[in-house]
>>> print(open('final26.pdb').read())   # PDB, C-alpha atoms, pLDDT in the B column
ATOM      1  CA  LEU A 287      -4.517  27.331  11.063  1.00 35.00           C
ATOM      2  CA  LEU A 288      -7.336  27.331   8.511  1.00 38.00           C
ATOM      3  CA  THR A 289     -10.187  29.604   7.502  1.00 38.00           C
ATOM      4  CA  PRO A 290     -13.307  28.574   9.444  1.00 38.00           C
ATOM      5  CA  VAL A 291     -15.789  26.560   7.401  1.00 39.00           C
ATOM      6  CA  PRO A 292     -19.027  28.598   7.044  1.00 37.00           C
ATOM      7  CA  ALA A 293     -21.255  25.513   7.160  1.00 39.00           C
ATOM      8  CA  LEU A 294     -19.902  24.694  10.630  1.00 40.00           C
ATOM      9  CA  ALA A 295     -20.412  28.159  12.114  1.00 41.00           C
ATOM     10  CA  GLY A 296     -23.896  27.437  13.417  1.00 41.00           C
ATOM     11  CA  MET A 297     -22.684  24.234  15.051  1.00 42.00           C
ATOM     12  CA  ALA A 298     -19.851  25.831  16.952  1.00 43.00           C
ATOM     13  CA  ASP A 299     -21.282  25.726  20.468  1.00 41.00           C
ATOM     14  CA  GLY A 300     -23.782  22.868  20.628  1.00 42.00           C
ATOM     15  CA  PRO A 301     -23.032  19.167  21.193  1.00 41.00           C
ATOM     16  CA  LEU A 302     -21.971  17.459  18.007  1.00 43.00           C
ATOM     17  CA  LEU A 303     -23.807  14.499  16.462  1.00 43.00           C
ATOM     18  CA  TYR A 304     -20.837  12.835  14.815  1.00 44.00           C
ATOM     19  CA  ARG A 305     -20.018   9.404  13.414  1.00 49.00           C
ATOM     20  CA  SER A 306     -16.625   8.955  11.825  1.00 53.00           C
ATOM     21  CA  ARG A 307     -16.289   7.038   8.580  1.00 53.00           C
ATOM     22  CA  VAL A 308     -13.026   5.475   9.693  1.00 53.00           C
ATOM     23  CA  ASP A 309     -12.638   5.753  13.466  1.00 54.00           C
ATOM     24  CA  LEU A 310     -15.496   4.570  15.694  1.00 48.00           C
ATOM     25  CA  SER A 311     -13.570   5.403  18.862  1.00 51.00           C
ATOM     26  CA  ALA A 312     -13.467   9.019  17.700  1.00 54.00           C
ATOM     27  CA  SER A 313     -17.235   8.923  17.195  1.00 50.00           C
ATOM     28  CA  ARG A 314     -17.709   8.093  20.864  1.00 50.00           C
ATOM     29  CA  VAL A 315     -15.262  10.701  22.139  1.00 53.00           C
ATOM     30  CA  PHE A 316     -16.224  13.629  19.956  1.00 57.00           C
ATOM     31  CA  SER A 317     -19.993  13.218  20.085  1.00 58.00           C
ATOM     32  CA  GLU A 318     -19.776  14.807  23.549  1.00 61.00           C
ATOM     33  CA  LEU A 319     -17.921  17.918  22.345  1.00 69.00           C
ATOM     34  CA  SER A 320     -18.860  21.030  20.412  1.00 75.00           C
ATOM     35  CA  VAL A 321     -17.239  21.978  17.126  1.00 75.00           C
ATOM     36  CA  ARG A 322     -15.561  24.885  18.883  1.00 80.00           C
ATOM     37  CA  GLU A 323     -13.964  22.539  21.435  1.00 83.00           C
ATOM     38  CA  ILE A 324     -12.824  20.170  18.698  1.00 81.00           C
ATOM     39  CA  ARG A 325     -11.306  23.043  16.722  1.00 84.00           C
ATOM     40  CA  ASN A 326      -9.416  24.178  19.818  1.00 88.00           C
ATOM     41  CA  ARG A 327      -8.000  20.681  20.210  1.00 87.00           C
ATOM     42  CA  ALA A 328      -7.069  20.499  16.537  1.00 89.00           C
ATOM     43  CA  GLU A 329      -5.320  23.848  16.589  1.00 90.00           C
ATOM     44  CA  ALA A 330      -3.387  22.654  19.646  1.00 93.00           C
ATOM     45  CA  GLY A 331      -2.053  19.771  17.517  1.00 92.00           C
ATOM     46  CA  ASP A 332      -4.454  16.896  18.276  1.00 91.00           C
ATOM     47  CA  ALA A 333      -4.535  14.716  15.153  1.00 91.00           C
ATOM     48  CA  ALA A 334      -7.812  12.951  15.988  1.00 88.00           C
ATOM     49  CA  SER A 335      -9.526  16.354  16.269  1.00 87.00           C
ATOM     50  CA  MET A 336      -8.068  17.319  12.900  1.00 90.00           C
ATOM     51  CA  VAL A 337      -9.714  14.265  11.350  1.00 87.00           C
ATOM     52  CA  VAL A 338     -13.080  15.161  12.899  1.00 84.00           C
ATOM     53  CA  LEU A 339     -12.943  18.683  11.503  1.00 83.00           C
ATOM     54  CA  GLY A 340     -11.819  17.303   8.168  1.00 85.00           C
ATOM     55  CA  GLU A 341     -14.782  14.944   7.989  1.00 81.00           C
ATOM     56  CA  LEU A 342     -17.213  17.689   8.944  1.00 77.00           C
ATOM     57  CA  ALA A 343     -15.724  20.138   6.466  1.00 75.00           C
ATOM     58  CA  ASP A 344     -15.451  17.570   3.688  1.00 63.00           C
ATOM     59  CA  PHE A 345     -19.141  17.792   2.858  1.00 56.00           C
ATOM     60  CA  ALA A 346     -19.298  21.603   2.620  1.00 53.00           C
ATOM     61  CA  GLN A 347     -15.767  22.696   1.753  1.00 58.00           C
ATOM     62  CA  PRO A 348     -13.690  19.721   0.519  1.00 55.00           C
ATOM     63  CA  ALA A 349     -10.461  21.708   0.237  1.00 64.00           C
ATOM     64  CA  GLY A 350     -10.648  22.559   3.939  1.00 66.00           C
ATOM     65  CA  GLY A 351     -11.301  18.944   4.796  1.00 78.00           C
ATOM     66  CA  ILE A 352      -8.301  17.778   2.803  1.00 88.00           C
ATOM     67  CA  GLU A 353      -6.010  20.154   4.665  1.00 89.00           C
ATOM     68  CA  TRP A 354      -7.090  18.800   8.033  1.00 90.00           C
ATOM     69  CA  PHE A 355      -6.615  15.242   6.762  1.00 92.00           C
ATOM     70  CA  ARG A 356      -3.153  16.151   5.465  1.00 93.00           C
ATOM     71  CA  MET A 357      -2.050  17.564   8.805  1.00 94.00           C
ATOM     72  CA  ALA A 358      -3.350  14.517  10.680  1.00 94.00           C
ATOM     73  CA  ALA A 359      -1.615  12.162   8.224  1.00 95.00           C
ATOM     74  CA  GLU A 360       1.663  14.010   8.622  1.00 95.00           C
ATOM     75  CA  LYS A 361       1.431  13.341  12.354  1.00 94.00           C
ATOM     76  CA  GLY A 362       1.209   9.605  11.619  1.00 94.00           C
ATOM     77  CA  HIS A 363      -2.474   9.355  12.537  1.00 93.00           C
ATOM     78  CA  VAL A 364      -3.725   6.271  10.677  1.00 93.00           C
ATOM     79  CA  PRO A 365      -7.372   7.351  10.091  1.00 90.00           C
ATOM     80  CA  GLY A 366      -5.925  10.636   8.843  1.00 92.00           C
ATOM     81  CA  MET A 367      -3.739   8.723   6.390  1.00 94.00           C
ATOM     82  CA  VAL A 368      -6.794   6.825   5.158  1.00 93.00           C
ATOM     83  CA  LEU A 369      -8.907   9.909   4.583  1.00 91.00           C
ATOM     84  CA  TYR A 370      -6.081  11.952   3.086  1.00 93.00           C
ATOM     85  CA  GLY A 371      -5.191   9.056   0.785  1.00 94.00           C
ATOM     86  CA  LEU A 372      -8.826   8.738  -0.286  1.00 91.00           C
ATOM     87  CA  ALA A 373      -9.079  12.485  -0.875  1.00 90.00           C
ATOM     88  CA  LEU A 374      -5.949  12.407  -3.042  1.00 92.00           C
ATOM     89  CA  ALA A 375      -7.348   9.499  -5.027  1.00 91.00           C
ATOM     90  CA  ARG A 376     -10.602  11.392  -5.550  1.00 88.00           C
ATOM     91  CA  ALA A 377      -8.511  14.284  -6.863  1.00 88.00           C
ATOM     92  CA  GLU A 378      -6.832  11.779  -9.242  1.00 90.00           C
ATOM     93  CA  GLU A 379      -3.488  12.052  -7.448  1.00 92.00           C
ATOM     94  CA  TYR A 380      -3.458   8.291  -7.494  1.00 91.00           C
ATOM     95  CA  ASP A 381       0.184   7.486  -6.758  1.00 91.00           C
ATOM     96  CA  SER A 382       0.253   9.520  -3.549  1.00 94.00           C
ATOM     97  CA  GLY A 383      -3.232   8.452  -2.501  1.00 94.00           C
ATOM     98  CA  ILE A 384      -2.646   4.746  -3.067  1.00 92.00           C
ATOM     99  CA  GLY A 385       0.693   4.965  -1.273  1.00 93.00           C
ATOM    100  CA  LEU A 386      -0.979   6.342   1.855  1.00 94.00           C
ATOM    101  CA  LEU A 387      -3.800   3.800   1.713  1.00 93.00           C
ATOM    102  CA  GLU A 388      -1.329   0.941   1.349  1.00 91.00           C
ATOM    103  CA  LYS A 389       0.696   2.257   4.288  1.00 93.00           C
ATOM    104  CA  ALA A 390      -2.432   2.419   6.452  1.00 92.00           C
ATOM    105  CA  ALA A 391      -3.552  -1.032   5.277  1.00 89.00           C
ATOM    106  CA  ASP A 392      -0.165  -2.512   6.165  1.00 87.00           C
ATOM    107  CA  MET A 393      -0.626  -1.004   9.631  1.00 88.00           C
ATOM    108  CA  GLY A 394      -3.823  -3.025   9.996  1.00 83.00           C
ATOM    109  CA  ASN A 395      -6.503  -0.476   9.068  1.00 86.00           C
ATOM    110  CA  ILE A 396      -9.468  -2.375   7.630  1.00 84.00           C
ATOM    111  CA  ASN A 397     -10.974   0.758   6.050  1.00 87.00           C
ATOM    112  CA  ALA A 398      -7.835   1.279   4.000  1.00 89.00           C
ATOM    113  CA  LEU A 399      -8.191  -2.300   2.746  1.00 86.00           C
ATOM    114  CA  GLY A 400     -11.748  -1.555   1.690  1.00 87.00           C
ATOM    115  CA  PHE A 401     -10.840   1.630  -0.170  1.00 89.00           C
ATOM    116  CA  LEU A 402      -7.946  -0.076  -1.957  1.00 90.00           C
ATOM    117  CA  ARG A 403     -10.248  -2.895  -2.965  1.00 88.00           C
ATOM    118  CA  MET A 404     -12.727  -0.332  -4.303  1.00 88.00           C
ATOM    119  CA  LEU A 405      -9.996   1.420  -6.306  1.00 89.00           C
ATOM    120  CA  MET A 406      -8.828  -1.877  -7.748  1.00 88.00           C
ATOM    121  CA  MET A 407     -12.349  -2.749  -8.839  1.00 86.00           C
ATOM    122  CA  MET A 408     -12.991   0.697 -10.345  1.00 86.00           C
ATOM    123  CA  LYS A 409      -9.587   1.640 -11.762  1.00 85.00           C
ATOM    124  CA  GLY A 410      -7.512  -1.514 -11.558  1.00 81.00           C
ATOM    125  CA  GLU A 411      -6.842  -1.797 -15.270  1.00 77.00           C
ATOM    126  CA  THR A 412      -5.062   1.544 -15.384  1.00 82.00           C
ATOM    127  CA  LEU A 413      -3.715   2.091 -11.866  1.00 84.00           C
ATOM    128  CA  PHE A 414      -2.213  -1.256 -10.855  1.00 85.00           C
ATOM    129  CA  SER A 415       0.227  -3.591 -12.552  1.00 87.00           C
ATOM    130  CA  THR A 416      -0.315  -7.339 -12.331  1.00 88.00           C
ATOM    131  CA  ALA A 417       2.543  -7.541  -9.818  1.00 88.00           C
ATOM    132  CA  GLN A 418       0.868  -4.861  -7.677  1.00 86.00           C
ATOM    133  CA  TRP A 419      -2.413  -6.784  -7.744  1.00 87.00           C
ATOM    134  CA  GLU A 420      -0.687  -9.968  -6.653  1.00 89.00           C
ATOM    135  CA  GLY A 421       1.377  -8.347  -3.937  1.00 87.00           C
ATOM    136  CA  TRP A 422      -1.485  -6.408  -2.457  1.00 86.00           C
ATOM    137  CA  ILE A 423      -3.887  -9.373  -2.434  1.00 88.00           C
ATOM    138  CA  LEU A 424      -1.306 -11.525  -0.656  1.00 87.00           C
ATOM    139  CA  ARG A 425      -0.655  -8.824   1.952  1.00 86.00           C
ATOM    140  CA  ALA A 426      -4.318  -8.071   2.523  1.00 85.00           C
ATOM    141  CA  VAL A 427      -6.121 -11.401   2.389  1.00 87.00           C
ATOM    142  CA  PRO A 428      -5.133 -12.769   5.844  1.00 84.00           C
ATOM    143  CA  ARG A 429      -6.951  -9.790   7.384  1.00 82.00           C
ATOM    144  CA  ASP A 430      -9.835  -9.363   4.936  1.00 83.00           C
ATOM    145  CA  ALA A 431     -10.835 -12.433   2.965  1.00 82.00           C
ATOM    146  CA  THR A 432     -13.212 -10.411   0.752  1.00 82.00           C
ATOM    147  CA  VAL A 433     -10.076  -9.299  -1.089  1.00 86.00           C
ATOM    148  CA  LEU A 434     -10.028 -12.767  -2.645  1.00 88.00           C
ATOM    149  CA  GLU A 435     -12.870 -11.658  -4.921  1.00 88.00           C
ATOM    150  CA  LEU A 436     -10.257  -9.639  -6.791  1.00 89.00           C
ATOM    151  CA  LEU A 437      -8.754 -12.917  -7.987  1.00 91.00           C
ATOM    152  CA  TYR A 438     -11.535 -13.089 -10.579  1.00 91.00           C
ATOM    153  CA  MET A 439     -10.461  -9.751 -12.006  1.00 89.00           C
ATOM    154  CA  LEU A 440      -6.781 -10.617 -11.830  1.00 90.00           C
ATOM    155  CA  HIS A 441      -7.421 -13.837 -13.757  1.00 92.00           C
ATOM    156  CA  ASP A 442      -9.431 -11.982 -16.418  1.00 90.00           C
ATOM    157  CA  ARG A 443      -6.711  -9.363 -16.710  1.00 88.00           C
ATOM    158  CA  ASP A 444      -3.794 -11.745 -17.228  1.00 90.00           C
ATOM    159  CA  PRO A 445      -4.605 -15.496 -17.249  1.00 92.00           C
ATOM    160  CA  ALA A 446      -0.982 -16.504 -17.897  1.00 93.00           C
ATOM    161  CA  ALA A 447       0.322 -14.466 -14.956  1.00 91.00           C
ATOM    162  CA  PHE A 448      -2.464 -15.842 -12.799  1.00 92.00           C
ATOM    163  CA  GLY A 449      -1.357 -19.391 -13.633  1.00 93.00           C
ATOM    164  CA  VAL A 450       2.189 -18.528 -12.610  1.00 93.00           C
ATOM    165  CA  LEU A 451       0.834 -17.054  -9.369  1.00 92.00           C
ATOM    166  CA  LEU A 452      -0.985 -20.294  -8.518  1.00 92.00           C
ATOM    167  CA  ASP A 453       2.133 -22.349  -9.242  1.00 92.00           C
ATOM    168  CA  THR A 454       4.112 -20.059  -6.958  1.00 91.00           C
ATOM    169  CA  MET A 455       1.461 -20.358  -4.256  1.00 91.00           C
ATOM    170  CA  LYS A 456       1.689 -24.157  -4.385  1.00 89.00           C
ATOM    171  CA  GLU A 457       5.466 -23.972  -4.013  1.00 88.00           C
ATOM    172  CA  THR A 458       5.362 -21.531  -1.118  1.00 87.00           C
ATOM    173  CA  ALA A 459       2.263 -22.694   0.790  1.00 85.00           C
ATOM    174  CA  ALA A 460       4.001 -25.685   2.360  1.00 75.00           C
ATOM    175  CA  SER A 461       6.962 -23.615   3.490  1.00 73.00           C
ATOM    176  CA  SER A 462       5.108 -20.450   4.538  1.00 65.00           C
ATOM    177  CA  ALA A 463       4.687 -21.346   8.189  1.00 69.00           C
ATOM    178  CA  GLY A 464       2.327 -18.915   9.849  1.00 76.00           C
ATOM    179  CA  ASP A 465       1.285 -17.183   6.611  1.00 87.00           C
ATOM    180  CA  PRO A 466      -2.161 -18.351   5.458  1.00 90.00           C
ATOM    181  CA  ALA A 467      -2.283 -16.160   2.336  1.00 91.00           C
ATOM    182  CA  PRO A 468      -0.974 -18.727  -0.213  1.00 92.00           C
ATOM    183  CA  SER A 469      -3.324 -21.397   1.109  1.00 92.00           C
ATOM    184  CA  LEU A 470      -6.289 -19.007   1.036  1.00 92.00           C
ATOM    185  CA  VAL A 471      -5.565 -18.028  -2.570  1.00 93.00           C
ATOM    186  CA  LEU A 472      -5.363 -21.679  -3.607  1.00 94.00           C
ATOM    187  CA  ALA A 473      -8.477 -22.658  -1.659  1.00 93.00           C
ATOM    188  CA  PHE A 474     -10.554 -19.854  -3.153  1.00 93.00           C
ATOM    189  CA  SER A 475      -9.301 -20.627  -6.657  1.00 94.00           C
ATOM    190  CA  TYR A 476     -10.139 -24.347  -6.415  1.00 95.00           C
ATOM    191  CA  ARG A 477     -13.478 -23.674  -4.723  1.00 92.00           C
ATOM    192  CA  ASN A 478     -14.557 -21.345  -7.522  1.00 93.00           C
ATOM    193  CA  GLY A 479     -12.664 -22.777 -10.495  1.00 95.00           C
ATOM    194  CA  ILE A 480     -10.554 -19.669 -11.110  1.00 94.00           C
ATOM    195  CA  GLY A 481      -7.606 -20.605 -13.324  1.00 93.00           C
ATOM    196  CA  VAL A 482      -7.964 -24.279 -12.336  1.00 94.00           C
ATOM    197  CA  GLU A 483     -10.647 -26.920 -12.590  1.00 95.00           C
ATOM    198  CA  LYS A 484     -13.124 -26.567  -9.721  1.00 95.00           C
ATOM    199  CA  ASN A 485     -12.205 -29.109  -7.031  1.00 95.00           C
ATOM    200  CA  ASP A 486     -13.865 -28.909  -3.613  1.00 93.00           C
ATOM    201  CA  ASP A 487     -11.632 -31.599  -2.114  1.00 93.00           C
ATOM    202  CA  GLU A 488      -8.531 -29.630  -3.050  1.00 94.00           C
ATOM    203  CA  ALA A 489     -10.142 -26.437  -1.772  1.00 93.00           C
ATOM    204  CA  LEU A 490     -10.976 -28.116   1.528  1.00 92.00           C
ATOM    205  CA  ASP A 491      -7.367 -29.214   2.022  1.00 92.00           C
ATOM    206  CA  TRP A 492      -6.106 -25.666   1.470  1.00 92.00           C
ATOM    207  CA  TYR A 493      -8.785 -24.124   3.696  1.00 91.00           C
ATOM    208  CA  ARG A 494      -7.824 -26.528   6.457  1.00 89.00           C
ATOM    209  CA  ASN A 495      -4.160 -25.707   5.941  1.00 90.00           C
ATOM    210  CA  ALA A 496      -4.891 -21.989   6.394  1.00 89.00           C
ATOM    211  CA  GLY A 497      -7.216 -22.744   9.307  1.00 87.00           C
ATOM    212  CA  ASP A 498      -4.450 -24.667  11.047  1.00 87.00           C
ATOM    213  CA  MET A 499      -2.435 -21.442  10.939  1.00 87.00           C
ATOM    214  CA  GLY A 500      -5.162 -19.720  12.937  1.00 85.00           C
ATOM    215  CA  ASN A 501      -7.062 -18.028  10.108  1.00 85.00           C
ATOM    216  CA  GLY A 502     -10.671 -17.889  11.257  1.00 85.00           C
ATOM    217  CA  ASP A 503     -12.182 -17.247   7.837  1.00 86.00           C
ATOM    218  CA  ALA A 504     -10.477 -20.335   6.398  1.00 87.00           C
ATOM    219  CA  ALA A 505     -11.819 -22.488   9.218  1.00 86.00           C
ATOM    220  CA  TRP A 506     -15.315 -21.139   8.607  1.00 87.00           C
ATOM    221  CA  GLN A 507     -15.052 -21.749   4.845  1.00 87.00           C
ATOM    222  CA  ALA A 508     -13.983 -25.346   5.471  1.00 88.00           C
ATOM    223  CA  TYR A 509     -17.010 -25.806   7.735  1.00 86.00           C
ATOM    224  CA  ALA A 510     -19.330 -24.217   5.145  1.00 87.00           C
ATOM    225  CA  LEU A 511     -17.977 -26.411   2.356  1.00 87.00           C
ATOM    226  CA  LEU A 512     -18.560 -29.590   4.358  1.00 85.00           C
ATOM    227  CA  ALA A 513     -21.968 -28.410   5.529  1.00 83.00           C
ATOM    228  CA  ASP A 514     -22.968 -27.805   1.903  1.00 80.00           C
ATOM    229  CA  ARG A 515     -22.233 -31.477   1.296  1.00 76.00           C
ATOM    230  CA  GLY A 516     -24.281 -32.495   4.299  1.00 73.00           C
ATOM    231  CA  ASP A 517     -21.159 -33.735   6.072  1.00 65.00           C
ATOM    232  CA  TYR A 518     -21.963 -32.126   9.415  1.00 56.00           C
ATOM    233  CA  GLU A 519     -19.848 -34.613  11.367  1.00 58.00           C
ATOM    234  CA  GLY A 520     -16.790 -33.774   9.264  1.00 55.00           C
ATOM    235  CA  ALA A 521     -17.535 -30.067   9.624  1.00 48.00           C
ATOM    236  CA  PHE A 522     -16.874 -30.258  13.353  1.00 48.00           C
ATOM    237  CA  ILE A 523     -13.649 -32.282  13.177  1.00 49.00           C
TER     238      ILE A 523
END
>>> encode(input="final26.pdb", output="structure tokens")
Amino acid sequence: LLTPVPALAGMADGPLLYRSRVDLSASRVFSELSVREIRNRAEAGDAASMVVLGELADFAQPAGGIEWFRMAAEKGHVPGMVLYGLALARAEEYDSGIGLLEKAADMGNINALGFLRMLMMMKGETLFSTAQWEGWILRAVPRDATVLELLYMLHDRDPAAFGVLLDTMKETAASSAGDPAPSLVLAFSYRNGIGVEKNDDEALDWYRNAGDMGNGDAAWQAYALLADRGDYEGAFI
């Protein structure tokens, strides 16, 4: 399928010491195999093996790595989508790369969330519209609360739009049964004074609202807020 990567030639027969950047289960499986065995699997159509070869090749021959990632992504392999999307973004093919990362993130891949967050922090001013920022934060935050840190940047980018976002969150939070994202956005904003006056009582109400929907991070934040006040009895209610 591809020209062998010279840097891997000496590794072809021995056991492979391998740790995937995006797929820990693959690390466990493939650490018992040789590169030759993994290549045989990849050439037989195994997408996970394609990702392994792509990661190994990526350091010595990036073009070869990208091709393996592309083939894995085209088979619907989520770690392959993540790595191919990241490779495209590194090559400044941002639209295609971000599209793949968003698709993988929407399928629950936490690494894709992290890479999108990184892109927003590094290139957000030029790559993402305000609407894209808002939409992605709301999709991502129930699974990765660190995304809320991007609210600072969104507020600095467009304070007026951020104010509209908070108003919308207040309108939708009460009716968004099962979706903690609006409550988390409001809680974080009030806790940190982003776009509103800092108000821990208001933040606590919104954290509890999200926690009641089963969001573990919100429940922990409510506990931490009360513990900071010394209200340990309230923290365990």
>>> atom_distance(input="final26.pdb", atom1="atom CA of A:Leu402", atom2="atom CA of A:Val471")
18.1 Å
>>> closest_atom_pairs(input="final26.pdb", of="stretch 351-398 of chain A", to="stretch 415-436 of chain A", cutoff="8 Å", atoms="all atoms listed in the file", output="CSV")
residue,atom,partner,partner_atom,distance
A:Ala391,CA,A:Ala426,CA,7.6
A:Asp392,CA,A:Arg425,CA,7.6
A:Gly394,CA,A:Arg429,CA,7.9
A:Ile396,CA,A:Asp430,CA,7.5
>>> closest_residue(input="final26.pdb", among="A:Val321, A:Met407, A:Leu374, A:Ala460", to="A:Leu472", atoms="only C-alpha atoms")
A:Ala460
>>> atom_distance(input="final26.pdb", atom1="atom CA of A:Gly340", atom2="atom CA of A:Gly366")
8.9 Å
>>> atom_distance(input="final26.pdb", atom1="atom CA of A:Leu372", atom2="atom CA of A:Ile324")
22.5 Å
>>> resolve_selection(input="final26.pdb", expression="the PyMOL selection byres ((chain A and resi 464) around 10)", output="VMD selection string")
chain A and resid 459 461 to 463 465 to 467 496 498 to 501
>>> residues_around(input="final26.pdb", residues="stretch 492-494 of chain A", least_positions_apart="5", cutoff="6 Å", atoms="all atoms listed in the file", output="VMD selection string")
chain A and resid 469 473 504 508
>>> residues_around(input="final26.pdb", residues="stretch 474-485 of chain A", least_positions_apart="5", cutoff="7 Å", atoms="all atoms listed in the file", output="PyMOL selection string")
chain A and resi 438+441+449
>>> closest_residue(input="final26.pdb", among="A:Ala510, A:Leu399, A:Leu470, A:Met455", to="A:Gly497", atoms="all atoms listed in the file")
A:Leu470
>>> axis_aligned_box(input="final26.pdb", around="stretch 490-507 of chain A", padding_each_side="8 Å", output="lines of an AutoDock Vina configuration file")
center_x = -8.9
center_y = -23.2
center_z = 7.2
size_x = 28.9
size_y = 28.0
size_z = 27.5
>>> resolve_selection(input="final26.pdb", expression="the PyMOL selection byres ((chain A and resi 325) around 10)", output="PyMOL selection string")
chain A and resi 287+290+298+320-324+326-332+335-336+338-339
>>> residues_around(input="final26.pdb", residues="A:Pro365", least_positions_apart="2", cutoff="12 Å", atoms="all atoms listed in the file", output="PDB file with C-alpha atoms, in the frame of the given file")
ATOM      1  CA  SER A 306     -16.625   8.955  11.825  1.00 53.00           C
ATOM      2  CA  ARG A 307     -16.289   7.038   8.580  1.00 53.00           C
ATOM      3  CA  VAL A 308     -13.026   5.475   9.693  1.00 53.00           C
ATOM      4  CA  ASP A 309     -12.638   5.753  13.466  1.00 54.00           C
ATOM      5  CA  LEU A 310     -15.496   4.570  15.694  1.00 48.00           C
ATOM      6  CA  SER A 311     -13.570   5.403  18.862  1.00 51.00           C
ATOM      7  CA  ALA A 312     -13.467   9.019  17.700  1.00 54.00           C
ATOM      8  CA  ALA A 333      -4.535  14.716  15.153  1.00 91.00           C
ATOM      9  CA  ALA A 334      -7.812  12.951  15.988  1.00 88.00           C
ATOM     10  CA  SER A 335      -9.526  16.354  16.269  1.00 87.00           C
ATOM     11  CA  MET A 336      -8.068  17.319  12.900  1.00 90.00           C
ATOM     12  CA  VAL A 337      -9.714  14.265  11.350  1.00 87.00           C
ATOM     13  CA  VAL A 338     -13.080  15.161  12.899  1.00 84.00           C
ATOM     14  CA  GLY A 340     -11.819  17.303   8.168  1.00 85.00           C
ATOM     15  CA  GLU A 341     -14.782  14.944   7.989  1.00 81.00           C
ATOM     16  CA  TRP A 354      -7.090  18.800   8.033  1.00 90.00           C
ATOM     17  CA  PHE A 355      -6.615  15.242   6.762  1.00 92.00           C
ATOM     18  CA  ARG A 356      -3.153  16.151   5.465  1.00 93.00           C
ATOM     19  CA  MET A 357      -2.050  17.564   8.805  1.00 94.00           C
ATOM     20  CA  ALA A 358      -3.350  14.517  10.680  1.00 94.00           C
ATOM     21  CA  ALA A 359      -1.615  12.162   8.224  1.00 95.00           C
ATOM     22  CA  GLU A 360       1.663  14.010   8.622  1.00 95.00           C
ATOM     23  CA  LYS A 361       1.431  13.341  12.354  1.00 94.00           C
ATOM     24  CA  GLY A 362       1.209   9.605  11.619  1.00 94.00           C
ATOM     25  CA  HIS A 363      -2.474   9.355  12.537  1.00 93.00           C
ATOM     26  CA  MET A 367      -3.739   8.723   6.390  1.00 94.00           C
ATOM     27  CA  VAL A 368      -6.794   6.825   5.158  1.00 93.00           C
ATOM     28  CA  LEU A 369      -8.907   9.909   4.583  1.00 91.00           C
ATOM     29  CA  TYR A 370      -6.081  11.952   3.086  1.00 93.00           C
ATOM     30  CA  GLY A 371      -5.191   9.056   0.785  1.00 94.00           C
ATOM     31  CA  LEU A 372      -8.826   8.738  -0.286  1.00 91.00           C
ATOM     32  CA  LEU A 386      -0.979   6.342   1.855  1.00 94.00           C
ATOM     33  CA  LEU A 387      -3.800   3.800   1.713  1.00 93.00           C
ATOM     34  CA  LYS A 389       0.696   2.257   4.288  1.00 93.00           C
ATOM     35  CA  ALA A 390      -2.432   2.419   6.452  1.00 92.00           C
ATOM     36  CA  ALA A 391      -3.552  -1.032   5.277  1.00 89.00           C
ATOM     37  CA  MET A 393      -0.626  -1.004   9.631  1.00 88.00           C
ATOM     38  CA  GLY A 394      -3.823  -3.025   9.996  1.00 83.00           C
ATOM     39  CA  ASN A 395      -6.503  -0.476   9.068  1.00 86.00           C
ATOM     40  CA  ILE A 396      -9.468  -2.375   7.630  1.00 84.00           C
ATOM     41  CA  ASN A 397     -10.974   0.758   6.050  1.00 87.00           C
ATOM     42  CA  ALA A 398      -7.835   1.279   4.000  1.00 89.00           C
TER      43      ALA A 398
END
>>> build_atoms(input="final26.pdb", residues="stretch 510-517 of chain A", atoms="N, CA, C and O atoms", output="JSON list (two decimals), in the coordinates of the input")
[["chain", "number", "residue", "atom", "x", "y", "z"],
["A", 510, "ALA", "N", -18.23, -24.48, 6.07],
["A", 510, "ALA", "CA", -19.33, -24.22, 5.14],
["A", 510, "ALA", "C", -19.31, -25.18, 3.97],
["A", 510, "ALA", "O", -20.35, -25.66, 3.51],
["A", 511, "LEU", "N", -18.10, -25.50, 3.49],
["A", 511, "LEU", "CA", -17.98, -26.41, 2.36],
["A", 511, "LEU", "C", -18.50, -27.80, 2.74],
["A", 511, "LEU", "O", -19.25, -28.43, 1.99],
["A", 512, "LEU", "N", -18.10, -28.28, 3.90],
["A", 512, "LEU", "CA", -18.56, -29.59, 4.36],
["A", 512, "LEU", "C", -20.06, -29.58, 4.66],
["A", 512, "LEU", "O", -20.77, -30.55, 4.35],
["A", 513, "ALA", "N", -20.54, -28.50, 5.23],
["A", 513, "ALA", "CA", -21.97, -28.41, 5.53],
["A", 513, "ALA", "C", -22.79, -28.42, 4.25],
["A", 513, "ALA", "O", -23.88, -29.00, 4.20],
["A", 514, "ASP", "N", -22.27, -27.78, 3.20],
["A", 514, "ASP", "CA", -22.97, -27.80, 1.90],
["A", 514, "ASP", "C", -23.12, -29.23, 1.38],
["A", 514, "ASP", "O", -24.08, -29.55, 0.67],
["A", 515, "ARG", "N", -22.17, -30.07, 1.72],
["A", 515, "ARG", "CA", -22.23, -31.48, 1.30],
["A", 515, "ARG", "C", -23.13, -32.31, 2.20],
["A", 515, "ARG", "O", -23.41, -33.47, 1.92],
["A", 516, "GLY", "N", -23.53, -31.73, 3.32],
["A", 516, "GLY", "CA", -24.28, -32.49, 4.30],
["A", 516, "GLY", "C", -23.41, -33.26, 5.25],
["A", 516, "GLY", "O", -23.91, -34.08, 6.05],
["A", 517, "ASP", "N", -22.10, -33.01, 5.22],
["A", 517, "ASP", "CA", -21.16, -33.74, 6.07],
["A", 517, "ASP", "C", -20.97, -32.95, 7.37],
["A", 517, "ASP", "O", -19.94, -32.34, 7.62]]
